[in-house]
file input_2.cif (mmCIF, N, CA and C atoms)
data_entry
loop_
_atom_site.label_atom_id
_atom_site.label_comp_id
_atom_site.auth_asym_id
_atom_site.auth_seq_id
_atom_site.Cartn_x
_atom_site.Cartn_y
_atom_site.Cartn_z
N MET A 265 -96.66 -52.89 72.33
CA MET A 265 -97.89 -53.42 72.86
C MET A 265 -97.58 -54.74 73.57
N THR A 266 -98.11 -54.89 74.74
CA THR A 266 -97.89 -56.12 75.49
C THR A 266 -99.16 -56.97 75.48
N ILE A 267 -99.00 -58.20 75.88
CA ILE A 267 -100.13 -59.13 75.92
C ILE A 267 -101.20 -58.63 76.87
N THR A 268 -100.83 -57.98 77.94
CA THR A 268 -101.81 -57.53 78.95
C THR A 268 -102.57 -56.29 78.51
N ASP A 269 -102.19 -55.66 77.38
CA ASP A 269 -102.90 -54.46 76.90
C ASP A 269 -104.22 -54.79 76.21
N HIS A 270 -104.50 -56.04 75.97
CA HIS A 270 -105.72 -56.44 75.26
C HIS A 270 -106.88 -56.62 76.22
N THR A 271 -108.07 -56.28 75.75
CA THR A 271 -109.27 -56.46 76.58
C THR A 271 -109.94 -57.80 76.32
N HIS A 272 -109.64 -58.44 75.19
CA HIS A 272 -110.25 -59.74 74.91
C HIS A 272 -109.36 -60.87 75.44
N PRO A 273 -109.93 -62.05 75.62
CA PRO A 273 -109.13 -63.18 76.12
C PRO A 273 -108.01 -63.51 75.14
N ILE A 274 -106.85 -63.82 75.67
CA ILE A 274 -105.72 -64.17 74.82
C ILE A 274 -105.14 -65.49 75.26
N ASP A 275 -104.35 -66.06 74.39
CA ASP A 275 -103.63 -67.30 74.69
C ASP A 275 -102.14 -66.94 74.65
N PRO A 276 -101.56 -66.60 75.80
CA PRO A 276 -100.18 -66.13 75.82
C PRO A 276 -99.18 -67.14 75.27
N VAL A 277 -99.45 -68.42 75.40
CA VAL A 277 -98.54 -69.44 74.89
C VAL A 277 -98.52 -69.39 73.36
N ARG A 278 -99.69 -69.30 72.76
CA ARG A 278 -99.76 -69.24 71.29
C ARG A 278 -99.20 -67.93 70.75
N VAL A 279 -99.46 -66.86 71.44
CA VAL A 279 -98.90 -65.57 71.02
C VAL A 279 -97.38 -65.64 71.06
N ALA A 280 -96.82 -66.16 72.13
CA ALA A 280 -95.36 -66.28 72.26
C ALA A 280 -94.81 -67.20 71.18
N HIS A 281 -95.51 -68.29 70.90
CA HIS A 281 -95.07 -69.22 69.85
C HIS A 281 -95.06 -68.53 68.49
N ALA A 282 -96.13 -67.80 68.20
CA ALA A 282 -96.20 -67.08 66.92
C ALA A 282 -95.07 -66.07 66.81
N ARG A 283 -94.85 -65.32 67.87
CA ARG A 283 -93.77 -64.31 67.86
C ARG A 283 -92.41 -64.96 67.64
N SER A 284 -92.19 -66.10 68.27
CA SER A 284 -90.88 -66.75 68.15
C SER A 284 -90.63 -67.32 66.76
N ARG A 285 -91.69 -67.59 66.01
CA ARG A 285 -91.56 -68.20 64.69
C ARG A 285 -91.58 -67.19 63.54
N LEU A 286 -91.99 -65.98 63.81
CA LEU A 286 -92.10 -64.97 62.75
C LEU A 286 -90.72 -64.51 62.29
N PRO A 287 -90.57 -64.28 60.97
CA PRO A 287 -89.32 -63.67 60.51
C PRO A 287 -89.25 -62.22 60.98
N THR A 288 -88.07 -61.68 60.97
CA THR A 288 -87.90 -60.29 61.38
C THR A 288 -88.55 -59.36 60.35
N ALA A 289 -88.77 -58.13 60.75
CA ALA A 289 -89.33 -57.13 59.83
C ALA A 289 -88.39 -56.93 58.64
N ASP A 290 -87.08 -56.91 58.87
CA ASP A 290 -86.11 -56.75 57.78
C ASP A 290 -86.17 -57.92 56.81
N ALA A 291 -86.28 -59.13 57.34
CA ALA A 291 -86.35 -60.31 56.48
C ALA A 291 -87.62 -60.29 55.63
N THR A 292 -88.73 -59.90 56.21
CA THR A 292 -89.96 -59.85 55.43
C THR A 292 -89.93 -58.73 54.40
N THR A 293 -89.25 -57.65 54.70
CA THR A 293 -89.09 -56.58 53.72
C THR A 293 -88.27 -57.07 52.53
N ARG A 294 -87.19 -57.81 52.80
CA ARG A 294 -86.38 -58.36 51.71
C ARG A 294 -87.19 -59.36 50.88
N LEU A 295 -87.97 -60.21 51.55
CA LEU A 295 -88.78 -61.20 50.85
C LEU A 295 -89.85 -60.54 49.99
N THR A 296 -90.53 -59.55 50.50
CA THR A 296 -91.57 -58.89 49.70
C THR A 296 -90.95 -58.16 48.51
N GLY A 297 -89.74 -57.64 48.69
CA GLY A 297 -89.04 -57.03 47.56
C GLY A 297 -88.74 -58.05 46.48
N LEU A 298 -88.28 -59.23 46.88
CA LEU A 298 -88.00 -60.30 45.93
C LEU A 298 -89.28 -60.75 45.24
N LEU A 299 -90.33 -60.95 46.01
CA LEU A 299 -91.60 -61.38 45.42
C LEU A 299 -92.15 -60.34 44.46
N SER A 300 -91.98 -59.06 44.77
CA SER A 300 -92.46 -58.02 43.86
C SER A 300 -91.68 -58.04 42.55
N MET A 301 -90.40 -58.42 42.61
CA MET A 301 -89.61 -58.55 41.38
C MET A 301 -90.16 -59.68 40.51
N MET A 302 -90.67 -60.71 41.14
CA MET A 302 -91.18 -61.87 40.39
C MET A 302 -92.66 -61.72 40.05
N ALA A 303 -93.29 -60.67 40.52
CA ALA A 303 -94.74 -60.50 40.34
C ALA A 303 -95.12 -59.92 38.99
N ASP A 304 -94.15 -59.58 38.18
CA ASP A 304 -94.41 -59.02 36.85
C ASP A 304 -94.30 -60.14 35.81
N PRO A 305 -95.25 -60.24 34.87
CA PRO A 305 -95.20 -61.33 33.89
C PRO A 305 -93.93 -61.36 33.05
N VAL A 306 -93.46 -60.21 32.60
CA VAL A 306 -92.24 -60.19 31.79
C VAL A 306 -91.05 -60.64 32.62
N ARG A 307 -90.94 -60.12 33.84
CA ARG A 307 -89.80 -60.50 34.69
C ARG A 307 -89.84 -61.97 35.05
N LEU A 308 -91.02 -62.50 35.35
CA LEU A 308 -91.11 -63.91 35.71
C LEU A 308 -90.77 -64.81 34.53
N ARG A 309 -91.26 -64.47 33.34
CA ARG A 309 -90.93 -65.25 32.15
C ARG A 309 -89.45 -65.12 31.82
N LEU A 310 -88.88 -63.95 32.05
CA LEU A 310 -87.46 -63.73 31.82
C LEU A 310 -86.63 -64.61 32.76
N ILE A 311 -87.02 -64.66 34.02
CA ILE A 311 -86.34 -65.52 34.99
C ILE A 311 -86.42 -66.97 34.54
N TYR A 312 -87.60 -67.37 34.08
CA TYR A 312 -87.78 -68.74 33.61
C TYR A 312 -86.87 -69.01 32.41
N ALA A 313 -86.84 -68.10 31.44
CA ALA A 313 -86.00 -68.27 30.26
C ALA A 313 -84.52 -68.39 30.64
N LEU A 314 -84.08 -67.56 31.56
CA LEU A 314 -82.68 -67.64 31.99
C LEU A 314 -82.40 -68.90 32.80
N ASP A 315 -83.39 -69.37 33.51
CA ASP A 315 -83.23 -70.60 34.28
C ASP A 315 -83.02 -71.79 33.35
N VAL A 316 -83.74 -71.84 32.24
CA VAL A 316 -83.64 -73.00 31.35
C VAL A 316 -82.52 -72.88 30.32
N THR A 317 -82.00 -71.67 30.10
CA THR A 317 -80.94 -71.51 29.10
C THR A 317 -79.61 -71.08 29.69
N GLU A 318 -79.59 -70.72 30.92
CA GLU A 318 -78.43 -70.22 31.65
C GLU A 318 -78.09 -68.77 31.36
N GLU A 319 -77.97 -68.38 30.08
CA GLU A 319 -77.72 -66.98 29.80
C GLU A 319 -78.19 -66.62 28.39
N LEU A 320 -78.64 -65.37 28.27
CA LEU A 320 -79.11 -64.85 26.98
C LEU A 320 -78.84 -63.35 26.92
N CYS A 321 -78.72 -62.82 25.71
CA CYS A 321 -78.59 -61.37 25.53
C CYS A 321 -79.99 -60.77 25.40
N VAL A 322 -80.07 -59.45 25.41
CA VAL A 322 -81.35 -58.74 25.37
C VAL A 322 -82.16 -59.14 24.14
N GLY A 323 -81.53 -59.14 22.99
CA GLY A 323 -82.25 -59.47 21.76
C GLY A 323 -82.82 -60.87 21.76
N ASP A 324 -82.02 -61.83 22.23
CA ASP A 324 -82.51 -63.21 22.29
C ASP A 324 -83.64 -63.36 23.30
N LEU A 325 -83.54 -62.66 24.42
CA LEU A 325 -84.62 -62.69 25.40
C LEU A 325 -85.90 -62.10 24.83
N ALA A 326 -85.78 -60.99 24.10
CA ALA A 326 -86.95 -60.36 23.50
C ALA A 326 -87.63 -61.31 22.52
N LEU A 327 -86.84 -62.02 21.72
CA LEU A 327 -87.41 -62.99 20.78
C LEU A 327 -88.07 -64.15 21.52
N ALA A 328 -87.40 -64.65 22.54
CA ALA A 328 -87.93 -65.79 23.30
C ALA A 328 -89.23 -65.42 24.00
N LEU A 329 -89.31 -64.21 24.56
CA LEU A 329 -90.49 -63.79 25.31
C LEU A 329 -91.56 -63.16 24.42
N ASP A 330 -91.19 -62.85 23.17
CA ASP A 330 -92.09 -62.19 22.23
C ASP A 330 -92.55 -60.83 22.78
N VAL A 331 -91.58 -60.07 23.27
CA VAL A 331 -91.81 -58.71 23.75
C VAL A 331 -90.72 -57.82 23.17
N SER A 332 -90.84 -56.53 23.36
CA SER A 332 -89.85 -55.60 22.82
C SER A 332 -88.54 -55.66 23.61
N GLU A 333 -87.49 -55.25 22.94
CA GLU A 333 -86.19 -55.17 23.62
C GLU A 333 -86.23 -54.15 24.74
N ASP A 334 -87.02 -53.09 24.58
CA ASP A 334 -87.16 -52.11 25.65
C ASP A 334 -87.76 -52.75 26.90
N SER A 335 -88.79 -53.58 26.73
CA SER A 335 -89.40 -54.26 27.88
C SER A 335 -88.40 -55.17 28.57
N VAL A 336 -87.63 -55.89 27.77
CA VAL A 336 -86.61 -56.79 28.33
C VAL A 336 -85.53 -55.98 29.05
N SER A 337 -85.06 -54.91 28.42
CA SER A 337 -84.01 -54.09 29.05
C SER A 337 -84.46 -53.53 30.38
N TYR A 338 -85.70 -53.06 30.44
CA TYR A 338 -86.23 -52.51 31.69
C TYR A 338 -86.31 -53.60 32.76
N ALA A 339 -86.83 -54.76 32.39
CA ALA A 339 -86.94 -55.87 33.34
C ALA A 339 -85.56 -56.31 33.82
N LEU A 340 -84.61 -56.38 32.90
CA LEU A 340 -83.24 -56.77 33.27
C LEU A 340 -82.63 -55.76 34.23
N ARG A 341 -82.84 -54.49 33.97
CA ARG A 341 -82.28 -53.45 34.83
C ARG A 341 -82.82 -53.58 36.26
N LEU A 342 -84.14 -53.80 36.38
CA LEU A 342 -84.73 -53.97 37.71
C LEU A 342 -84.17 -55.21 38.42
N LEU A 343 -84.10 -56.31 37.71
CA LEU A 343 -83.60 -57.55 38.32
C LEU A 343 -82.11 -57.45 38.67
N ARG A 344 -81.35 -56.78 37.82
CA ARG A 344 -79.92 -56.60 38.09
C ARG A 344 -79.71 -55.69 39.31
N THR A 345 -80.50 -54.61 39.39
CA THR A 345 -80.41 -53.69 40.52
C THR A 345 -80.77 -54.41 41.82
N ALA A 346 -81.71 -55.33 41.74
CA ALA A 346 -82.12 -56.11 42.92
C ALA A 346 -81.10 -57.19 43.27
N GLY A 347 -80.07 -57.34 42.45
CA GLY A 347 -79.04 -58.34 42.71
C GLY A 347 -79.41 -59.75 42.29
N LEU A 348 -80.44 -59.88 41.45
CA LEU A 348 -80.91 -61.20 41.04
C LEU A 348 -80.28 -61.68 39.73
N LEU A 349 -79.64 -60.77 39.01
CA LEU A 349 -78.99 -61.09 37.75
C LEU A 349 -77.55 -60.61 37.74
N VAL A 350 -76.74 -61.26 36.94
CA VAL A 350 -75.38 -60.80 36.68
C VAL A 350 -75.18 -60.82 35.17
N THR A 351 -74.21 -60.06 34.72
CA THR A 351 -73.93 -59.98 33.29
C THR A 351 -72.52 -60.42 32.98
N ARG A 352 -72.34 -60.78 31.72
CA ARG A 352 -71.02 -61.14 31.20
C ARG A 352 -70.95 -60.53 29.81
N LYS A 353 -69.87 -59.81 29.56
CA LYS A 353 -69.73 -59.15 28.26
C LYS A 353 -68.76 -59.93 27.40
N GLU A 354 -69.18 -60.17 26.16
CA GLU A 354 -68.33 -60.84 25.18
C GLU A 354 -68.32 -59.96 23.94
N GLY A 355 -67.25 -59.22 23.76
CA GLY A 355 -67.22 -58.23 22.69
C GLY A 355 -68.23 -57.14 22.98
N ARG A 356 -69.15 -56.93 22.05
CA ARG A 356 -70.17 -55.91 22.25
C ARG A 356 -71.48 -56.48 22.81
N VAL A 357 -71.51 -57.79 22.98
CA VAL A 357 -72.74 -58.45 23.43
C VAL A 357 -72.69 -58.68 24.94
N VAL A 358 -73.77 -58.29 25.62
CA VAL A 358 -73.87 -58.49 27.06
C VAL A 358 -74.84 -59.64 27.31
N TYR A 359 -74.36 -60.65 28.00
CA TYR A 359 -75.18 -61.81 28.34
C TYR A 359 -75.64 -61.69 29.79
N ASN A 360 -76.86 -62.10 30.02
CA ASN A 360 -77.48 -62.03 31.35
C ASN A 360 -77.73 -63.43 31.86
N ARG A 361 -77.52 -63.62 33.15
CA ARG A 361 -77.84 -64.90 33.78
C ARG A 361 -78.28 -64.64 35.22
N LEU A 362 -78.96 -65.62 35.79
CA LEU A 362 -79.40 -65.49 37.18
C LEU A 362 -78.18 -65.48 38.09
N ALA A 363 -78.22 -64.68 39.11
CA ALA A 363 -77.13 -64.61 40.08
C ALA A 363 -77.01 -65.96 40.80
N ASP A 364 -75.79 -66.32 41.15
CA ASP A 364 -75.56 -67.59 41.83
C ASP A 364 -76.33 -67.69 43.14
N ASP A 365 -76.54 -66.55 43.80
CA ASP A 365 -77.25 -66.58 45.09
C ASP A 365 -78.75 -66.31 44.95
N PHE A 366 -79.28 -66.38 43.71
CA PHE A 366 -80.72 -66.27 43.52
C PHE A 366 -81.37 -67.38 44.35
N PRO A 367 -82.35 -67.06 45.18
CA PRO A 367 -82.93 -68.08 46.07
C PRO A 367 -83.58 -69.23 45.29
N ALA A 368 -82.85 -70.31 45.13
CA ALA A 368 -83.30 -71.44 44.30
C ALA A 368 -84.64 -72.02 44.75
N PRO A 369 -84.88 -72.24 46.04
CA PRO A 369 -86.19 -72.82 46.40
C PRO A 369 -87.36 -71.94 45.97
N LEU A 370 -87.23 -70.64 46.13
CA LEU A 370 -88.30 -69.73 45.73
C LEU A 370 -88.45 -69.72 44.21
N ARG A 371 -87.33 -69.64 43.51
CA ARG A 371 -87.36 -69.65 42.05
C ARG A 371 -88.00 -70.94 41.54
N ASP A 372 -87.57 -72.07 42.06
CA ASP A 372 -88.10 -73.35 41.61
C ASP A 372 -89.59 -73.46 41.88
N HIS A 373 -90.02 -73.03 43.06
CA HIS A 373 -91.45 -73.09 43.38
C HIS A 373 -92.26 -72.20 42.43
N CYS A 374 -91.82 -70.97 42.24
CA CYS A 374 -92.56 -70.05 41.37
C CYS A 374 -92.60 -70.55 39.94
N LEU A 375 -91.50 -71.09 39.46
CA LEU A 375 -91.47 -71.59 38.09
C LEU A 375 -92.34 -72.83 37.93
N ARG A 376 -92.34 -73.72 38.92
CA ARG A 376 -93.23 -74.89 38.87
C ARG A 376 -94.69 -74.44 38.85
N GLN A 377 -95.02 -73.41 39.64
CA GLN A 377 -96.38 -72.91 39.65
C GLN A 377 -96.75 -72.28 38.31
N LEU A 378 -95.83 -71.57 37.69
CA LEU A 378 -96.07 -70.98 36.38
C LEU A 378 -96.37 -72.07 35.36
N ILE A 379 -95.59 -73.13 35.37
CA ILE A 379 -95.81 -74.24 34.45
C ILE A 379 -97.16 -74.89 34.71
N ALA A 380 -97.48 -75.14 35.97
CA ALA A 380 -98.75 -75.77 36.32
C ALA A 380 -99.94 -74.91 35.88
N LEU A 381 -99.84 -73.60 36.09
CA LEU A 381 -100.92 -72.71 35.67
C LEU A 381 -101.06 -72.68 34.15
N THR A 382 -99.94 -72.70 33.45
CA THR A 382 -99.97 -72.69 32.00
C THR A 382 -100.65 -73.94 31.47
N TYR A 383 -100.28 -75.10 32.00
CA TYR A 383 -100.89 -76.35 31.54
C TYR A 383 -102.36 -76.41 31.92
N ALA A 384 -102.73 -75.89 33.05
CA ALA A 384 -104.15 -75.88 33.46
C ALA A 384 -104.96 -75.02 32.51
N GLU A 385 -104.42 -73.88 32.08
CA GLU A 385 -105.12 -73.01 31.14
C GLU A 385 -105.27 -73.70 29.78
N GLU A 386 -104.25 -74.44 29.35
CA GLU A 386 -104.30 -75.12 28.07
C GLU A 386 -105.32 -76.25 28.08
N GLN A 387 -105.54 -76.86 29.25
CA GLN A 387 -106.47 -77.98 29.36
C GLN A 387 -107.92 -77.54 29.52
N THR A 388 -108.13 -76.26 29.87
CA THR A 388 -109.49 -75.75 30.07
C THR A 388 -110.14 -75.53 28.71
N PRO A 389 -111.35 -76.12 28.50
CA PRO A 389 -112.02 -75.97 27.19
C PRO A 389 -112.54 -74.57 26.95
#
call {"tool": "encode", "arguments": {"input": "input_2.cif", "output": "structure tokens"}}
result
Amino acid sequence: MTITDHTHPIDPVRVAHARSRLPTADATTRLTGLLSMMADPVRLRLIYALDVTEELCVGDLALALDVSEDSVSYALRLLRTAGLLVTRKEGRVVYNRLADDFPAPLRDHCLRQLIALTYAEEQTP
């Protein structure tokens, strides 16, 4: 579709500016995939727990999050498949940690928002 295909008045300078600033379709697909990984409460809390402790095994994560080990295992599998987690095995215990290339600005922003929302809920009578 070109700018001249529209019947309503347009601002070609603003349209061109918007087009030049937009991320590519592939980049937005990757971003929405990452955001969908963080859109689940268990996964987001798991990311937060790993951020503050560096690494934990499934059982410890389940205790920290107060959810079942099955829920943690499923969340870990999704995050690992998405490349957001890495594992380290020590004997029979598998430890999970955030991948080194986990997008820190996005993680930090989401975690700060989680904390702010939690405190706001606690302050509401």
call {"tool": "residues_around", "arguments": {"input": "input_2.cif", "residues": "stretch 336-347 of chain A", "least_positions_apart": "5", "cutoff": "12 Å", "atoms": "only C-alpha atoms", "output": "ChimeraX atom specification"}}
result
/A:294-311,313-314,320-331,358-367
call {"tool": "select_by_dssp", "arguments": {"input": "input_2.cif", "residues": "chain A", "states": "alpha helix (DSSP H)", "output": "PyMOL selection string"}}
result
chain A and resi 276-285+289-302+305-317+322-329+333-345+368-387
call {"tool": "select_by_dssp", "arguments": {"input": "input_2.cif", "residues": "stretch 309-386 of chain A", "states": "strand (DSSP E or B)", "output": "list in words"}}
result
Leu320, Cys321, Leu349, Val350, Thr351, Arg352, Lys353, Glu354, Val357, Val358, Tyr359, Asn360, Arg361 and Leu362 of chain A
call {"tool": "axis_aligned_box", "arguments": {"input": "input_2.cif", "around": "stretch 277-285 of chain A", "padding_each_side": "4 Å", "output": "lines of an AutoDock Vina configuration file"}}
result
center_x = -95.2
center_y = -66.9
center_z = 69.5
size_x = 17.1
size_y = 13.1
size_z = 19.9
